[in-house]
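Visitor: For reference, the structure I am asking about is given below.
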Amino acid sequence: MKPERSSSPFSMERALEEALARFRPLLSAEEWQALLEELKRPLAPALRLNPLKVNPAEVHMWAEWYGWRLQPVPFCPTGWQVVESAYPVSQTIEHRLGYYYIQDAASMLPVELFDFPPDARPLILDMAASPGGKTTHLVARTNDRGLVIANDSSHERLTALRLVLQTWGGINLAITGFPGERWGGWYPETFDAVLLDAPCSMQSLRPLESHPMRPISQGEQRRLAQRQVALLLSGLRALRVGGQMVYATCTLAPEEDEAVLEAALQRHPGTFEIESVDDRLPAPAPALEATPEHRFPPQVRRAVRLWPHRFHTAGFFAARLRKVAPVPSESGMTSPPQTRTRLTWLRPSEMREVLEALKRDYGLDMQPLFEVQVAGLVRREDYLYAAPRAFEAYFGALPVVSLGLPLLEATPEGWVLTHEGVARFGRQCQHGRVILPAEMVTPWLRGEDVPLVIRPPWPKTRVVIVTDVHGRVLGRGRVQRTQLKNLLPRRVVLQQPPSVP
């Protein structure tokens, strides 16, 4: 998670020195030397593919185009570290359209620890979801079939979280903004899986822009650990018996890792077990047996402690818990809030009319998808959202920041696919498309209008899907007299587009 305040280069350097001094007694002399050697090397950026939008083999085509040398992430089948790069991974149209998510390789571990049966429709709570990377991973691993509640207590981060998830293109998503400590009391024994990527001190030993290091006082670390325990117990209460919870931090501080698991075991013994996840890693990366001052319960060692030299990542900690008995509720629990504004779902006849228009204008048959996803269409002002029916069934009128994917927007000519709808489903459209000649792609990606290169017939709405000769979806355009008006959102526009064959 993001820090509450920024860190200066001086404070990050000081924080790194302090952390190294604290962690030195936790490693053997051989491993300590390996860690120091690893920290001399730059941390390779990594990306995780979006199976909702792309074929995994496409990453090799991108590598050829952009001069990337790739190395697979050993514990994530869709993850790749970019060990050499002629063009930044953050400056491609594929990234802007949500074909992949940029994420440190270590952060790909938590979601890979879950056991999701094929074709399952799990109900999932992501308790501290911002900035959204692990939420997108949950959507990908469940093939957008399970309902994922992406919750974050920081209202300042919810807009960024919404944009990340809309770019990813998931339908079975809801974003909420409540303290994570409340979910266990509001919805006990409800979720099949719970992810807690806990707020932490971020002592990963590999400072990143999104995870800077800073000096941490003992008092602040104690308060963080207390909140981590409270969040962990809330998540366990919200989890059904037999369900799995993953607890993760981007810190290597034992007070926030092994000690938090130990505190939860002591508070409610016999309610959960820490499971071995050795089968998810190419080599052992066990948690600590002890610090110089304290010995942890034996099962805590089943957690994963990713020292940076293990797999050339930032430092990380994760554990998979299996709930085996109910966690006692605490006094003072309240009921969840309820909104007075009910969701406006389209009636079946209205929905059929909209889907028939999509099929007529774009050759896009979404009826099978809506049946598989158990989704419907919700109207909010001038937009129709493809949204999960399961949300209303399980959570009723719980207030949400966002629900589902903005699929269609109203125009005087009728409903048209949104940018997010085109980015997710544009490749499945059989007509209503225009292929830009190679010389027009660069100005288009800069946000410029281009000469009209499509002849009638075009969709009634005059909004078409724009691609290049490689089949990449490049957004939407509106047919005008002699031009194709560029409808790319500003956040997608590239100032210096790459040269692609």
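Going by the structure tokens order, chains are called A, B, ..., each with residues numbered from 1, while ligands are numbered from 1 in the order shown.
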Within 9 Å of A:Leu39, counting only C-alpha atoms, which residues qualify if same-chain residues fewer than 4 places away don't, as a PDB file with C-alpha atoms, in the first residue's frame?
Guide:
```pdb
ATOM      1  CA  ALA A  34      24.168 -12.570  -0.911  1.00  0.00           C
ATOM      2  CA  LEU A  35      21.700  -9.906   0.216  1.00  0.00           C
ATOM      3  CA  LEU A  43      15.588  -3.916  -9.420  1.00  0.00           C
ATOM      4  CA  LEU A 205      15.115  -3.088   1.392  1.00  0.00           C
ATOM      5  CA  ARG A 206      14.337  -2.135  -2.246  1.00  0.00           C
ATOM      6  CA  PRO A 308      15.476  -9.713  -2.019  1.00  0.00           C
ATOM      7  CA  HIS A 309      18.262 -12.163  -2.905  1.00  0.00           C
TER       8      HIS A 309
END
```
Visitor: Please, which residues in stretch 134-216 of chain A fall within 6 Å of stretch 244-265 of chain A when counting only C-alpha atoms, and what is the closest atom pair and distance in Å to one decimal for each, ordered by chain then residue number, as JSON lines?
Guide:
```
{"residue": "A:Ala193", "atom": "CA", "partner": "A:Gln244", "partner_atom": "CA", "distance": 5.0}
{"residue": "A:Val194", "atom": "CA", "partner": "A:Met245", "partner_atom": "CA", "distance": 4.6}
{"residue": "A:Leu195", "atom": "CA", "partner": "A:Val246", "partner_atom": "CA", "distance": 5.0}
{"residue": "A:Leu196", "atom": "CA", "partner": "A:Tyr247", "partner_atom": "CA", "distance": 5.0}
{"residue": "A:Asp197", "atom": "CA", "partner": "A:Ala248", "partner_atom": "CA", "distance": 4.8}
{"residue": "A:Ala198", "atom": "CA", "partner": "A:Thr249", "partner_atom": "CA", "distance": 5.5}
{"residue": "A:Met202", "atom": "CA", "partner": "A:Thr251", "partner_atom": "CA", "distance": 4.5}
{"residue": "A:Gln203", "atom": "CA", "partner": "A:Thr251", "partner_atom": "CA", "distance": 4.3}
{"residue": "A:Ser204", "atom": "CA", "partner": "A:Thr251", "partner_atom": "CA", "distance": 4.7}
```
Visitor: So that I can see what lies close to stretch 154-171 of chain A, please list as JSON, numbers by chain the residues with an atom at most 10 Å from it, counting only C-alpha atoms and leaving out residues fewer than 6 positions away in the same chain.
Guide: {"A": [2, 4, 50, 51, 52, 53, 95, 96, 97, 98, 99, 100, 101, 128, 129, 130, 131, 132, 133, 135, 136, 137, 139, 140, 143, 144, 145, 146, 147, 148, 177, 178, 179, 370, 373, 374, 375, 376, 385, 386, 387, 388, 401, 402, 403, 404, 405, 406, 407, 419, 420, 421, 422, 423, 424, 425, 491, 492]}
Visitor: As an MDAnalysis selection string, please: every residue in stretch 382-489 of chain A that a backbone DSSP assignment puts in alpha helix (DSSP H).
Guide: chainID A and resid 389:395 419:425 438:445
Visitor: Next, write the just-selected residues to a file, as a PDB file, in the first residue's frame, keeping N, CA and C atoms as the atom set.
Guide:
```pdb
ATOM      1  N   ARG A 389     -24.593  -9.312 -10.634  1.00  0.00           N
ATOM      2  CA  ARG A 389     -25.844  -9.517  -9.902  1.00  0.00           C
ATOM      3  C   ARG A 389     -25.579  -9.987  -8.475  1.00  0.00           C
ATOM      4  N   ALA A 390     -24.443 -10.657  -8.271  1.00  0.00           N
ATOM      5  CA  ALA A 390     -24.131 -11.194  -6.948  1.00  0.00           C
ATOM      6  C   ALA A 390     -24.005 -10.096  -5.904  1.00  0.00           C
ATOM      7  N   PHE A 391     -23.630  -8.895  -6.324  1.00  0.00           N
ATOM      8  CA  PHE A 391     -23.472  -7.834  -5.329  1.00  0.00           C
ATOM      9  C   PHE A 391     -24.797  -7.541  -4.638  1.00  0.00           C
ATOM     10  N   GLU A 392     -25.849  -7.396  -5.410  1.00  0.00           N
ATOM     11  CA  GLU A 392     -27.151  -7.101  -4.818  1.00  0.00           C
ATOM     12  C   GLU A 392     -27.629  -8.273  -3.969  1.00  0.00           C
ATOM     13  N   ALA A 393     -27.336  -9.493  -4.407  1.00  0.00           N
ATOM     14  CA  ALA A 393     -27.799 -10.667  -3.672  1.00  0.00           C
ATOM     15  C   ALA A 393     -27.141 -10.777  -2.304  1.00  0.00           C
ATOM     16  N   TYR A 394     -25.844 -10.446  -2.214  1.00  0.00           N
ATOM     17  CA  TYR A 394     -25.112 -10.615  -0.956  1.00  0.00           C
ATOM     18  C   TYR A 394     -25.059  -9.353  -0.109  1.00  0.00           C
ATOM     19  N   PHE A 395     -25.053  -8.194  -0.754  1.00  0.00           N
ATOM     20  CA  PHE A 395     -24.771  -6.963  -0.015  1.00  0.00           C
ATOM     21  C   PHE A 395     -25.883  -5.922  -0.099  1.00  0.00           C
ATOM     22  N   HIS A 419     -14.821   3.846 -23.842  1.00  0.00           N
ATOM     23  CA  HIS A 419     -13.415   3.505 -24.040  1.00  0.00           C
ATOM     24  C   HIS A 419     -13.085   2.197 -23.327  1.00  0.00           C
ATOM     25  N   GLU A 420     -13.579   2.048 -22.081  1.00  0.00           N
ATOM     26  CA  GLU A 420     -13.306   0.831 -21.317  1.00  0.00           C
ATOM     27  C   GLU A 420     -13.936  -0.388 -21.983  1.00  0.00           C
ATOM     28  N   GLY A 421     -15.133  -0.197 -22.555  1.00  0.00           N
ATOM     29  CA  GLY A 421     -15.785  -1.297 -23.251  1.00  0.00           C
ATOM     30  C   GLY A 421     -15.028  -1.725 -24.490  1.00  0.00           C
ATOM     31  N   VAL A 422     -14.510  -0.754 -25.228  1.00  0.00           N
ATOM     32  CA  VAL A 422     -13.730  -1.063 -26.429  1.00  0.00           C
ATOM     33  C   VAL A 422     -12.414  -1.747 -26.064  1.00  0.00           C
ATOM     34  N   ALA A 423     -11.755  -1.255 -24.997  1.00  0.00           N
ATOM     35  CA  ALA A 423     -10.485  -1.848 -24.591  1.00  0.00           C
ATOM     36  C   ALA A 423     -10.666  -3.306 -24.170  1.00  0.00           C
ATOM     37  N   ARG A 424     -11.814  -3.627 -23.549  1.00  0.00           N
ATOM     38  CA  ARG A 424     -12.057  -5.006 -23.105  1.00  0.00           C
ATOM     39  C   ARG A 424     -12.577  -5.879 -24.238  1.00  0.00           C
ATOM     40  N   PHE A 425     -13.497  -5.363 -25.060  1.00  0.00           N
ATOM     41  CA  PHE A 425     -14.205  -6.234 -26.008  1.00  0.00           C
ATOM     42  C   PHE A 425     -13.967  -5.893 -27.479  1.00  0.00           C
ATOM     43  N   ALA A 438      -0.166   2.379 -41.266  1.00  0.00           N
ATOM     44  CA  ALA A 438       0.952   2.512 -40.335  1.00  0.00           C
ATOM     45  C   ALA A 438       1.341   3.962 -40.090  1.00  0.00           C
ATOM     46  N   GLU A 439       1.271   4.809 -41.139  1.00  0.00           N
ATOM     47  CA  GLU A 439       1.712   6.192 -40.977  1.00  0.00           C
ATOM     48  C   GLU A 439       0.756   7.030 -40.115  1.00  0.00           C
ATOM     49  N   MET A 440      -0.454   6.521 -39.867  1.00  0.00           N
ATOM     50  CA  MET A 440      -1.421   7.263 -39.052  1.00  0.00           C
ATOM     51  C   MET A 440      -1.404   6.847 -37.580  1.00  0.00           C
ATOM     52  N   VAL A 441      -0.732   5.749 -37.254  1.00  0.00           N
ATOM     53  CA  VAL A 441      -0.791   5.222 -35.891  1.00  0.00           C
ATOM     54  C   VAL A 441      -0.136   6.175 -34.900  1.00  0.00           C
ATOM     55  N   THR A 442       1.049   6.696 -35.235  1.00  0.00           N
ATOM     56  CA  THR A 442       1.752   7.582 -34.302  1.00  0.00           C
ATOM     57  C   THR A 442       0.955   8.845 -33.996  1.00  0.00           C
ATOM     58  N   PRO A 443       0.460   9.587 -35.006  1.00  0.00           N
ATOM     59  CA  PRO A 443      -0.369  10.760 -34.663  1.00  0.00           C
ATOM     60  C   PRO A 443      -1.626  10.387 -33.884  1.00  0.00           C
ATOM     61  N   TRP A 444      -2.191   9.221 -34.184  1.00  0.00           N
ATOM     62  CA  TRP A 444      -3.393   8.803 -33.439  1.00  0.00           C
ATOM     63  C   TRP A 444      -3.075   8.593 -31.962  1.00  0.00           C
ATOM     64  N   LEU A 445      -1.964   7.915 -31.675  1.00  0.00           N
ATOM     65  CA  LEU A 445      -1.586   7.670 -30.290  1.00  0.00           C
ATOM     66  C   LEU A 445      -1.228   8.959 -29.558  1.00  0.00           C
TER      67      LEU A 445
END
```
Visitor: Compare A:Asp279, A:Glu112, A:Glu409, A:Asp365 by their minimum atom-to-atom distance to A:Gly79, counting only C-alpha atoms, and give me the closest one.
Guide: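 So, comparing all the options, the nearest one is A:Glu112.
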